[in-house]
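Peer 1: Questions regarding the structure given below will be posed in turn.
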Amino acid sequence: MPLIPDNKPARFCWVDLATADASLAADFYRGLCGWQATTQRANGGEIQHFTAGGETVASMYQLDARQIVAGAPSHWTPYIGVANIDKAAEKAMALGGQVIVRPFGVDGMARVSLISDSVGALLGLWEIVK
């Protein structure tokens, strides 16, 4: 899965890892998959991109202390591409889902949101920034 080459709606397009220990997670996936992790500044913090064979395959970010204290576990989030993230979030609510994280911009990459579907499964929405 390359770094969002297009934003075909209704298809899985990305995955990221929210982790309680980014250094330990990077070591784990380096050993397990042979991935390399490179750091990028975004939204006043840092994210890391995992690469394999020169291709970006996933991203990772450090959960903040507040999230860790509140009991948020390390977790992977798959994303589905959407043409308009605000409309997609509204539609998710109309269909019985919830918006867990309102749409927001990730510097120079995308607008993202986290929803839960009508049965409680978490899913990311991804609108590419042009």
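Chain lettering (A, B, ...) mirrors the order of the structure tokens, residue numbering begins at 1 for each chain separately, and ligand numbering begins at 1 in order of display.
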Quick one: residues within 10 Å of Ala72 (chain A), only C-alpha atoms, excluding same-chain residues fewer than 3 positions away - as a list in words?
Peer 2: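 After dropping sequence-adjacent residues, the list is Ala18, Thr19, Ala20, Leu63, Asp64, Ala65, Arg66, Gln67, Ile68, Val69 and His75 of chain A.
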Peer 1: Write out the residues from the selection above, keeping N, CA and C atoms, as a PDB file, in the first residue's frame.
Peer 2:
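Dumped everything to part_0.pdb:
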```pdb
ATOM      1  N   ALA A  18      -0.883   3.913  16.473  1.00  0.00           N
ATOM      2  CA  ALA A  18      -0.802   4.800  17.633  1.00  0.00           C
ATOM      3  C   ALA A  18      -0.177   3.952  18.734  1.00  0.00           C
ATOM      4  N   THR A  19       0.931   4.407  19.304  1.00  0.00           N
ATOM      5  CA  THR A  19       1.663   3.553  20.230  1.00  0.00           C
ATOM      6  C   THR A  19       2.043   4.259  21.526  1.00  0.00           C
ATOM      7  N   ALA A  20       2.086   3.493  22.588  1.00  0.00           N
ATOM      8  CA  ALA A  20       2.516   4.001  23.885  1.00  0.00           C
ATOM      9  C   ALA A  20       4.034   4.145  23.959  1.00  0.00           C
ATOM     10  N   LEU A  63       1.294   8.001  21.267  1.00  0.00           N
ATOM     11  CA  LEU A  63       0.165   8.452  22.071  1.00  0.00           C
ATOM     12  C   LEU A  63       0.689   9.455  23.095  1.00  0.00           C
ATOM     13  N   ASP A  64      -0.092  10.483  23.410  1.00  0.00           N
ATOM     14  CA  ASP A  64       0.382  11.440  24.414  1.00  0.00           C
ATOM     15  C   ASP A  64       0.076  10.908  25.814  1.00  0.00           C
ATOM     16  N   ALA A  65       0.682  11.537  26.813  1.00  0.00           N
ATOM     17  CA  ALA A  65       0.566  11.068  28.196  1.00  0.00           C
ATOM     18  C   ALA A  65      -0.893  11.009  28.645  1.00  0.00           C
ATOM     19  N   ARG A  66      -1.695  11.994  28.243  1.00  0.00           N
ATOM     20  CA  ARG A  66      -3.108  12.025  28.619  1.00  0.00           C
ATOM     21  C   ARG A  66      -3.830  10.790  28.087  1.00  0.00           C
ATOM     22  N   GLN A  67      -3.540  10.409  26.844  1.00  0.00           N
ATOM     23  CA  GLN A  67      -4.192   9.235  26.249  1.00  0.00           C
ATOM     24  C   GLN A  67      -3.761   7.959  26.958  1.00  0.00           C
ATOM     25  N   ILE A  68      -2.486   7.875  27.290  1.00  0.00           N
ATOM     26  CA  ILE A  68      -1.968   6.684  27.967  1.00  0.00           C
ATOM     27  C   ILE A  68      -2.588   6.553  29.359  1.00  0.00           C
ATOM     28  N   VAL A  69      -2.625   7.669  30.116  1.00  0.00           N
ATOM     29  CA  VAL A  69      -3.225   7.653  31.456  1.00  0.00           C
ATOM     30  C   VAL A  69      -4.708   7.285  31.392  1.00  0.00           C
ATOM     31  N   HIS A  75      -2.593   0.769  19.168  1.00  0.00           N
ATOM     32  CA  HIS A  75      -3.537   0.170  18.224  1.00  0.00           C
ATOM     33  C   HIS A  75      -3.246   0.623  16.799  1.00  0.00           C
TER      34      HIS A  75
END
```
Peer 1: For Pro9 (chain A), find every residue with an atom within 8 Å (counting only C-alpha atoms), except residues of its own chain fewer than 4 positions away, and show them as a list in words.
Peer 2: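 Contacts, in chain order: Ile80, Gly81, Val82 and Ala83 of chain A.
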Peer 1: Next, dump the selected residues to file, keeping only N, CA and C atoms, as a CSV table (one decimal), in the first residue's frame.
Peer 2:
```csv
chain,number,residue,atom,x,y,z
A,80,ILE,N,-10.1,4.5,5.2
A,80,ILE,CA,-10.8,4.4,3.9
A,80,ILE,C,-10.7,5.8,3.3
A,81,GLY,N,-10.4,5.8,2.0
A,81,GLY,CA,-10.4,7.1,1.3
A,81,GLY,C,-11.8,7.6,1.1
A,82,VAL,N,-12.0,8.9,1.3
A,82,VAL,CA,-13.3,9.6,1.0
A,82,VAL,C,-13.0,10.9,0.2
A,83,ALA,N,-14.0,11.2,-0.6
A,83,ALA,CA,-13.9,12.4,-1.4
A,83,ALA,C,-14.1,13.7,-0.6
```
Peer 1: Please run DSSP on the backbone and report, as a ChimeraX atom specification, all residues within chain A that come out as strand (DSSP E).
Peer 2: /A:12-19,36-42,45-52,55-62,75-81,98-106,110-116,122-128
Peer 1: Could you give me, as a list of chain:residue names, the residues within 12 Å of Arg41 (chain A), counting only C-alpha atoms and dropping anything in the same chain fewer than 4 positions from it?
Peer 2: A:Gly45, A:Glu46, A:Ile47, A:Gln48, A:His49, A:Tyr61, A:Val106, A:Asp107, A:Gly108, A:Met109
Peer 1: Of the residues A:Thr38, A:Asn43, A:Ser113, A:Ser118, which is the one nearest to Tyr79 (chain A), using only C-alpha atoms?
Peer 2: A:Ser113
Peer 1: I'd like the neighbourhood of Val101 (chain A) as a list of chain:residue names, where a residue qualifies if any of its atoms comes within 10 Å (using only C-alpha atoms), though same-chain residues fewer than 3 positions away should be ignored.
Peer 2: A:Ala89, A:Gln98, A:Phe104, A:Val112, A:Ser113, A:Leu114, A:Ile115, A:Ser116, A:Gly124
Peer 1: DSSP on the backbone: which residues in region 34-129 of chain A end up as alpha helix (DSSP H)? Give the answer as an MDAnalysis selection string.
Peer 2: chainID A and resid 65:69 85:94
Peer 1: I'd like the neighbourhood of Gly105 (chain A) as a list in words, where a residue qualifies if any of its atoms comes within 12 Å (using only C-alpha atoms), though same-chain residues fewer than 6 positions away should be ignored.
Peer 2: Ala42, Asn43, Gly44, Ile85, Asp86, Arg111, Val112, Ser113, Leu125, Trp126, Glu127, Ile128, Val129 and Lys130 of chain A
Peer 1: What is the CA of Asp117 (chain A)-CA of Asp21 (chain A) distance in Å, reported with one decimal?
Peer 2: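 CA of Asp21 (chain A) lies at a distance of 27.7 Å from CA of Asp117 (chain A).
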Peer 1: Of the residues A:Ala37, A:Leu123, A:Ala25, A:Ala88, which is the one nearest to Gln62 (chain A), using only C-alpha atoms?
Peer 2: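 Going through A:Ala37, A:Leu123, A:Ala25, A:Ala88 one by one, the smallest distance to Gln62 (chain A) is for A:Ala25.
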Peer 1: Find, counting only C-alpha atoms, the residue in A:Lys87, A:Ala94, A:Ala110, A:Gly71 that gets nearest to Trp14 (chain A).
Peer 2: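 Closest candidate: A:Ala110.
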Peer 1: Find the distance between CA of Trp35 (chain A) and CA of Pro73 (chain A) and write it in Å to one decimal.
Peer 2: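 Rounded to one decimal, the two atoms are 22.1 Å apart.
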